[in-house]
2 protein chains.
Amino acid sequence: MSKEKHHHGDLREALITAGLDLLEAGGPAALTLRKCAALAGVSHAAPAHHFNGLVSLKAAIIARGFRIFARIMEQHRASAAPGPRAKLLAICQGYLAFSASHAALFRFMFQDFGDLKQQINDSVLNELEQESTHAYQVLREACAPFAPVGGHEHSTEVLVWSLVHGYATLFGGGKKPKTPSGPVPDFAQILPDFPLR
Amino acid sequence: MSKEKHHHGDLREALITAGLDLLEAGGPAALTLRKCAALAGVSHAAPAHHFNGLVSLKAAIIARGFRIFARIMEQHRASAAPGPRAKLLAICQGYLAFSASHAALFRFMFQDFGDLKQQINDSVLNELEQESTHAYQVLREACAPFAPVGGHEHSTEVLVWSLVHGYATLFGGGKKPKTPSGPVPDFAQILPDFPLR
DNA sequence: TTGTTAACTTGACACTGTCAAAATAGAGGA
DNA sequence: TCCTCTATTTTGACAGTGTCAAGTTAACAA
């Protein structure tokens with residue numbers, strides 16, 4: 001039942017954090033089952049008893065990433081000025097802060113999300129769906145005051161999510177982002193003005 | 001000078017197209033130097049004389065991807081109704097069409113773009129910069145009529161690029177895209193109305 | 001203490017990228 | 001025609017990867 005027993009204290013957790021470290025240190029190519037095992041101090045085949053192969057470990061790492069992702073957005077929202085516009089902007093800046101502070105993890109999450117979901121039948125899939133949905137809800141709540149009343153109630157959240165995700169993907173990584181034709185404006189300058197519902 | 005000589009007609013080209021096929025068939029994990037070589041009918045070490053390792057082949061594949069990308073956007077623009085708004089929307093729909101018809105390539109391009117650029121010192125880097133810049137120019141031209149006159153002249157193109165890229169990444173892949181809370185509206189419904197300059 | 005089961009190790013296999021050395025084909029000059 | 005000579009390709013090897021099978025060890029229950 002409890003995970004604190006046997007040789008290693010909590011190998012499953014150690015493998016996930018080892019994977020996060022490897023990912024941030026050396027990119028996706030450095031995320032290796034054997035390196036995770038070595039970093040956790042166990043033999044190369046030990047992870048097989050906690051994860052259904054490499055893809056399951058990757059899925060667990062992505063799920064952990066979504067948890068960190070949601071936490072950072074919530075922290076930004078907590079320290080925002082009052083008002084729906086300020087809260088929405090804070091959430092977006094949390095989004096961008098995560099994509100910058102966890103650049104490799106951020107790209108890894110959205111790159112392999114779709115591919116991985118079809119390769120795992122674990123309980124990991126459940127955890128992954130849960131964490132990613134929660135992260136989306138954080139952004140969705142911030143968009144709710146701006147949802148249009150007519151037919152397309154999701155259009156604002158889809159717009160904001162697409163906008164901030166594209167911005168993070170294309171320009172968020174580098175310290176001084178630029179297009180081929182010039183510097184990139186701040187995100188606050190491209191976020192449209194939405195009418196309150 | 002010409003590439004049509006020696007054993008294989010044009011091995012470099014054959015390796016790139018083999019890589020494109022493998023990528024679309026089996027995802028990024030299936031893109032392998034040895035498989036590319038086998039698909040081109042040469043031995044496993046033959047690619048070394050045309051590409052400075054696997055990363056260079058990947059960079060060449062991405063460069064080719066940007067060329068296809070730009071071509072598809074230009075085709076959509078050519079068959080668009082007159083008027084700057086229709087042309088901009090057509091470019092975006094070309095963007096989305098590419099991300100759907102070349103899903104694996106699209107994700108591969110923007111995932112490894114940044115990582116790869118720091119690992120190649122080839123002439124491939126030149127080709128990659130050139131093709132990607134050209135693709136960006138296509139989108140930039142379509143945004144030009146809507147560029148604001150004040151200080152932030154790039155804000156519209158950055159907005160549109162972020163928006164369409166995020167939309168393609170998050171919702172473009174699946175046939176019936178949906179958020180955790182409902183169906184996704186068409187892109188035309190979330191593209192804001194920009195004032196003409 | 002004994003037995004049982006989960007956790008882990010050891011060893012092996014096919015596959016990967018990369019390197020060194022050998023072999024081969026094509027072109028240009030005698 | 002023959003003969004270099006260089007670019008291209010092949011063969012062979014190496015370390016590293018994920019995964020499987022079998023053996024070993026540790027923790028706990030009876």
# chains A, B, ... in the order shown; residues from 1 in each chain; ligands from 1
>>> closest_atom_pairs(of="chain D", to="chain B", cutoff="8 Å", atoms="only C-alpha atoms (C1' of nucleotides)", output="Markdown table")
| residue | atom | partner | partner_atom | distance |
| --- | --- | --- | --- | --- |
| D:DT8 | C1' | B:His6 | CA | 6.9 |
| D:DT9 | C1' | B:Ala46 | CA | 5.9 |
| D:DT10 | C1' | B:Ser43 | CA | 6.6 |
>>> closest_atom_pairs(of="chain B", to="chain A", cutoff="8 Å", atoms="only C-alpha atoms", output="Markdown table")
| residue | atom | partner | partner_atom | distance |
| --- | --- | --- | --- | --- |
| B:Arg107 | CA | A:Gln111 | CA | 6.7 |
| B:Gln111 | CA | A:Arg107 | CA | 6.7 |
| B:Thr133 | CA | A:Pro180 | CA | 6.3 |
| B:Tyr136 | CA | A:Pro180 | CA | 7.5 |
| B:His152 | CA | A:Pro185 | CA | 6.9 |
| B:His154 | CA | A:Val184 | CA | 7.0 |
| B:Ser155 | CA | A:Ile190 | CA | 6.0 |
| B:Thr156 | CA | A:Ile190 | CA | 7.3 |
| B:Val158 | CA | A:Val184 | CA | 7.0 |
| B:Leu159 | CA | A:Ile190 | CA | 5.6 |
| B:Trp161 | CA | A:Gly166 | CA | 7.4 |
| B:Ser162 | CA | A:Gly166 | CA | 4.1 |
| B:Leu163 | CA | A:Leu163 | CA | 4.2 |
| B:Val164 | CA | A:Ser162 | CA | 7.2 |
| B:His165 | CA | A:Gly166 | CA | 5.1 |
| B:Gly166 | CA | A:Gly166 | CA | 3.8 |
| B:Tyr167 | CA | A:Ser162 | CA | 4.7 |
| B:Thr169 | CA | A:Gly166 | CA | 7.8 |
| B:Leu170 | CA | A:Ser162 | CA | 7.1 |
| B:Pro180 | CA | A:Thr133 | CA | 6.3 |
| B:Gly182 | CA | A:His154 | CA | 7.4 |
| B:Pro183 | CA | A:His154 | CA | 7.8 |
| B:Val184 | CA | A:His154 | CA | 7.0 |
| B:Pro185 | CA | A:Ser155 | CA | 6.1 |
| B:Gln189 | CA | A:Ser155 | CA | 7.2 |
| B:Ile190 | CA | A:Leu159 | CA | 5.7 |
| B:Leu191 | CA | A:Leu159 | CA | 7.8 |
>>> interface_residues(of="chain C", to="chain B", cutoff="12 Å", atoms="only C-alpha atoms (C1' of nucleotides)", output="ChimeraX atom specification")
/C:15-20,24-27
>>> write_last_selection(atoms="N, CA and C atoms (P, O5', C5', C4', C3', O3' and C1' of nucleotides)", output="PDB file, in the first residue's frame")
ATOM      1  P    DC C  15      15.962  -5.761 -35.080  1.00  0.00           P
ATOM      2  O5'  DC C  15      16.381  -4.232 -34.817  1.00  0.00           O
ATOM      3  C5'  DC C  15      15.459  -3.366 -34.149  1.00  0.00           C
ATOM      4  C4'  DC C  15      16.188  -2.175 -33.570  1.00  0.00           C
ATOM      5  C3'  DC C  15      16.977  -1.326 -34.589  1.00  0.00           C
ATOM      6  O3'  DC C  15      16.205  -0.194 -34.957  1.00  0.00           O
ATOM      7  C1'  DC C  15      18.086  -1.550 -32.458  1.00  0.00           C
ATOM      8  P    DT C  16      16.745   0.800 -36.125  1.00  0.00           P
ATOM      9  O5'  DT C  16      17.651   1.835 -35.326  1.00  0.00           O
ATOM     10  C5'  DT C  16      17.046   2.775 -34.430  1.00  0.00           C
ATOM     11  C4'  DT C  16      18.100   3.527 -33.646  1.00  0.00           C
ATOM     12  C3'  DT C  16      19.135   4.246 -34.504  1.00  0.00           C
ATOM     13  O3'  DT C  16      18.667   5.530 -34.833  1.00  0.00           O
ATOM     14  C1'  DT C  16      20.124   3.169 -32.586  1.00  0.00           C
ATOM     15  P    DG C  17      19.553   6.362 -35.928  1.00  0.00           P
ATOM     16  O5'  DG C  17      20.881   6.822 -35.141  1.00  0.00           O
ATOM     17  C5'  DG C  17      20.775   7.814 -34.139  1.00  0.00           C
ATOM     18  C4'  DG C  17      22.156   8.241 -33.676  1.00  0.00           C
ATOM     19  C3'  DG C  17      23.017   8.911 -34.750  1.00  0.00           C
ATOM     20  O3'  DG C  17      23.782   9.949 -34.151  1.00  0.00           O
ATOM     21  C1'  DG C  17      24.067   6.916 -34.020  1.00  0.00           C
ATOM     22  P    DT C  18      24.715  10.873 -35.087  1.00  0.00           P
ATOM     23  O5'  DT C  18      26.142  10.170 -34.991  1.00  0.00           O
ATOM     24  C5'  DT C  18      26.721   9.952 -33.700  1.00  0.00           C
ATOM     25  C4'  DT C  18      28.026   9.188 -33.833  1.00  0.00           C
ATOM     26  C3'  DT C  18      28.960   9.688 -34.945  1.00  0.00           C
ATOM     27  O3'  DT C  18      30.228   9.998 -34.374  1.00  0.00           O
ATOM     28  C1'  DT C  18      28.751   7.338 -35.020  1.00  0.00           C
ATOM     29  P    DC C  19      31.215  11.033 -35.133  1.00  0.00           P
ATOM     30  O5'  DC C  19      32.517  10.132 -35.429  1.00  0.00           O
ATOM     31  C5'  DC C  19      33.112   9.418 -34.352  1.00  0.00           C
ATOM     32  C4'  DC C  19      33.757   8.145 -34.844  1.00  0.00           C
ATOM     33  C3'  DC C  19      34.770   8.317 -35.992  1.00  0.00           C
ATOM     34  O3'  DC C  19      36.090   8.179 -35.489  1.00  0.00           O
ATOM     35  C1'  DC C  19      33.370   6.365 -36.246  1.00  0.00           C
ATOM     36  P    DA C  20      37.343   8.578 -36.433  1.00  0.00           P
ATOM     37  O5'  DA C  20      37.816   7.162 -37.010  1.00  0.00           O
ATOM     38  C5'  DA C  20      38.016   6.074 -36.112  1.00  0.00           C
ATOM     39  C4'  DA C  20      38.421   4.825 -36.877  1.00  0.00           C
ATOM     40  C3'  DA C  20      39.410   5.062 -38.019  1.00  0.00           C
ATOM     41  O3'  DA C  20      40.368   4.014 -38.043  1.00  0.00           O
ATOM     42  C1'  DA C  20      37.438   4.055 -38.866  1.00  0.00           C
ATOM     43  P    DT C  24      35.423  -4.087 -54.309  1.00  0.00           P
ATOM     44  O5'  DT C  24      34.589  -2.991 -55.103  1.00  0.00           O
ATOM     45  C5'  DT C  24      33.444  -2.398 -54.468  1.00  0.00           C
ATOM     46  C4'  DT C  24      33.156  -1.043 -55.068  1.00  0.00           C
ATOM     47  C3'  DT C  24      33.439  -0.933 -56.581  1.00  0.00           C
ATOM     48  O3'  DT C  24      32.247  -0.573 -57.222  1.00  0.00           O
ATOM     49  C1'  DT C  24      34.232   0.951 -55.418  1.00  0.00           C
ATOM     50  P    DA C  25      31.992  -0.904 -58.782  1.00  0.00           P
ATOM     51  O5'  DA C  25      31.489   0.504 -59.337  1.00  0.00           O
ATOM     52  C5'  DA C  25      30.577   1.267 -58.549  1.00  0.00           C
ATOM     53  C4'  DA C  25      30.785   2.754 -58.798  1.00  0.00           C
ATOM     54  C3'  DA C  25      30.929   3.135 -60.277  1.00  0.00           C
ATOM     55  O3'  DA C  25      30.115   4.261 -60.533  1.00  0.00           O
ATOM     56  C1'  DA C  25      32.727   4.008 -59.033  1.00  0.00           C
ATOM     57  P    DG C  26      29.480   4.484 -61.974  1.00  0.00           P
ATOM     58  O5'  DG C  26      30.102   5.881 -62.429  1.00  0.00           O
ATOM     59  C5'  DG C  26      29.866   7.032 -61.613  1.00  0.00           C
ATOM     60  C4'  DG C  26      31.020   7.998 -61.736  1.00  0.00           C
ATOM     61  C3'  DG C  26      31.356   8.447 -63.167  1.00  0.00           C
ATOM     62  O3'  DG C  26      31.018   9.808 -63.314  1.00  0.00           O
ATOM     63  C1'  DG C  26      33.313   7.943 -61.867  1.00  0.00           C
ATOM     64  P    DA C  27      31.161  10.516 -64.720  1.00  0.00           P
ATOM     65  O5'  DA C  27      32.501  11.370 -64.535  1.00  0.00           O
ATOM     66  C5'  DA C  27      32.675  12.119 -63.327  1.00  0.00           C
ATOM     67  C4'  DA C  27      34.046  12.786 -63.326  1.00  0.00           C
ATOM     68  C3'  DA C  27      34.471  13.330 -64.689  1.00  0.00           C
ATOM     69  O3'  DA C  27      35.089  14.597 -64.524  1.00  0.00           O
ATOM     70  C1'  DA C  27      36.067  11.772 -63.918  1.00  0.00           C
TER      71       DA C  27
END
>>> atom_distance(atom1="CA of Ala37 (chain B)", atom2="CA of Met109 (chain B)")
21.1 Å
>>> select_by_dssp(residues="region 9-182 of chain B", states="alpha helix (DSSP H)", output="ChimeraX atom specification")
/B:11-26,33-40,54-78,84-101,103-117,124-143,155-167
>>> atom_distance(atom1="CA of Phe106 (chain A)", atom2="CA of Lys35 (chain A)")
20.6 Å
>>> atom_distance(atom1="CA of Leu88 (chain B)", atom2="CA of Ala144 (chain B)")
9.5 Å
>>> decode(residues="region 5-112 of chain A", atoms="C-alpha atoms", output="tab-separated table (two decimals), in the first residue's frame")
chain	number	residue	atom	x	y	z
A	5	LYS	CA	9.25	0.47	1.90
A	6	HIS	CA	11.62	-1.94	0.28
A	7	HIS	CA	15.05	-0.97	-0.91
A	8	HIS	CA	14.30	2.43	-2.30
A	9	GLY	CA	12.11	4.81	-0.42
A	10	ASP	CA	9.84	5.95	-3.21
A	11	LEU	CA	11.28	4.94	-6.50
A	12	ARG	CA	8.33	6.04	-8.60
A	13	GLU	CA	8.61	9.58	-7.34
A	14	ALA	CA	12.39	9.56	-7.64
A	15	LEU	CA	12.15	8.49	-11.27
A	16	ILE	CA	9.76	11.31	-12.12
A	17	THR	CA	11.92	13.99	-10.54
A	18	ALA	CA	15.01	12.46	-12.15
A	19	GLY	CA	13.24	12.66	-15.47
A	20	LEU	CA	12.33	16.30	-14.89
A	21	ASP	CA	15.96	17.09	-14.08
A	22	LEU	CA	17.28	15.26	-17.12
A	23	LEU	CA	14.73	16.92	-19.37
A	24	GLU	CA	15.60	20.41	-18.24
A	25	ALA	CA	19.33	19.74	-18.29
A	26	GLY	CA	19.75	18.04	-21.64
A	27	GLY	CA	16.51	18.25	-23.57
A	28	PRO	CA	14.21	15.46	-24.69
A	29	ALA	CA	17.07	13.37	-26.03
A	30	ALA	CA	18.59	13.14	-22.56
A	31	LEU	CA	15.39	11.76	-21.04
A	32	THR	CA	16.31	8.11	-20.88
A	33	LEU	CA	15.03	5.23	-18.81
A	34	ARG	CA	18.52	4.10	-17.92
A	35	LYS	CA	19.66	7.57	-16.96
A	36	CYS	CA	16.60	8.05	-14.78
A	37	ALA	CA	17.34	4.75	-13.10
A	38	ALA	CA	20.99	5.66	-12.60
A	39	LEU	CA	20.05	9.05	-11.19
A	40	ALA	CA	17.71	7.35	-8.75
A	41	GLY	CA	20.43	4.90	-7.79
A	42	VAL	CA	18.82	1.71	-9.07
A	43	SER	CA	19.59	-0.70	-11.87
A	44	HIS	CA	18.50	-0.13	-15.43
A	45	ALA	CA	15.51	-2.48	-15.31
A	46	ALA	CA	14.07	-1.30	-12.02
A	47	PRO	CA	11.65	1.24	-13.55
A	48	ALA	CA	9.76	-1.55	-15.29
A	49	HIS	CA	7.98	-2.38	-12.03
A	50	HIS	CA	6.64	1.16	-11.65
A	51	PHE	CA	6.00	2.21	-15.23
A	52	ASN	CA	4.76	0.30	-18.20
A	53	GLY	CA	7.80	1.18	-20.27
A	54	LEU	CA	9.30	4.50	-21.23
A	55	VAL	CA	6.11	6.01	-22.57
A	56	SER	CA	4.40	5.60	-19.21
A	57	LEU	CA	7.24	7.35	-17.44
A	58	LYS	CA	7.01	10.14	-19.98
A	59	ALA	CA	3.27	10.39	-19.41
A	60	ALA	CA	3.80	10.61	-15.66
A	61	ILE	CA	6.38	13.35	-16.19
A	62	ILE	CA	3.94	15.26	-18.38
A	63	ALA	CA	1.21	14.88	-15.77
A	64	ARG	CA	3.58	16.29	-13.19
A	65	GLY	CA	4.34	19.11	-15.59
A	66	PHE	CA	0.67	20.03	-15.83
A	67	ARG	CA	0.47	20.13	-12.04
A	68	ILE	CA	3.40	22.56	-11.84
A	69	PHE	CA	1.88	24.48	-14.74
A	70	ALA	CA	-1.45	24.97	-12.96
A	71	ARG	CA	0.26	25.88	-9.70
A	72	ILE	CA	2.30	28.65	-11.32
A	73	MET	CA	-0.76	30.09	-13.05
A	74	GLU	CA	-2.66	30.06	-9.77
A	75	GLN	CA	0.21	31.80	-8.00
A	76	HIS	CA	0.17	34.55	-10.59
A	77	ARG	CA	-3.58	34.93	-10.24
A	78	ALA	CA	-3.31	35.18	-6.46
A	79	SER	CA	-0.98	38.16	-6.67
A	80	ALA	CA	-2.93	39.97	-9.37
A	81	ALA	CA	-4.70	43.28	-9.05
A	82	PRO	CA	-8.48	43.07	-8.70
A	83	GLY	CA	-10.68	43.00	-11.78
A	84	PRO	CA	-11.28	40.32	-14.42
A	85	ARG	CA	-8.93	41.83	-16.98
A	86	ALA	CA	-6.02	41.93	-14.54
A	87	LYS	CA	-6.71	38.36	-13.45
A	88	LEU	CA	-6.83	37.12	-17.04
A	89	LEU	CA	-3.59	38.88	-17.85
A	90	ALA	CA	-1.98	37.42	-14.73
A	91	ILE	CA	-3.00	33.92	-15.73
A	92	CYS	CA	-1.49	34.45	-19.16
A	93	GLN	CA	1.70	35.77	-17.64
A	94	GLY	CA	1.82	32.68	-15.44
A	95	TYR	CA	1.43	30.64	-18.60
A	96	LEU	CA	4.37	32.45	-20.15
A	97	ALA	CA	6.41	32.26	-16.95
A	98	PHE	CA	6.04	28.49	-16.90
A	99	SER	CA	6.99	28.17	-20.56
A	100	ALA	CA	10.14	30.17	-19.83
A	101	SER	CA	11.19	28.66	-16.52
A	102	HIS	CA	10.45	25.11	-17.66
A	103	ALA	CA	11.15	25.49	-21.35
A	104	ALA	CA	12.09	21.92	-22.15
A	105	LEU	CA	9.25	20.51	-20.08
A	106	PHE	CA	6.74	22.87	-21.67
A	107	ARG	CA	7.64	21.82	-25.18
A	108	PHE	CA	7.81	18.19	-24.18
A	109	MET	CA	4.33	18.33	-22.66
A	110	PHE	CA	2.55	19.64	-25.71
A	111	GLN	CA	4.65	17.79	-28.23
A	112	ASP	CA	4.11	14.26	-27.02
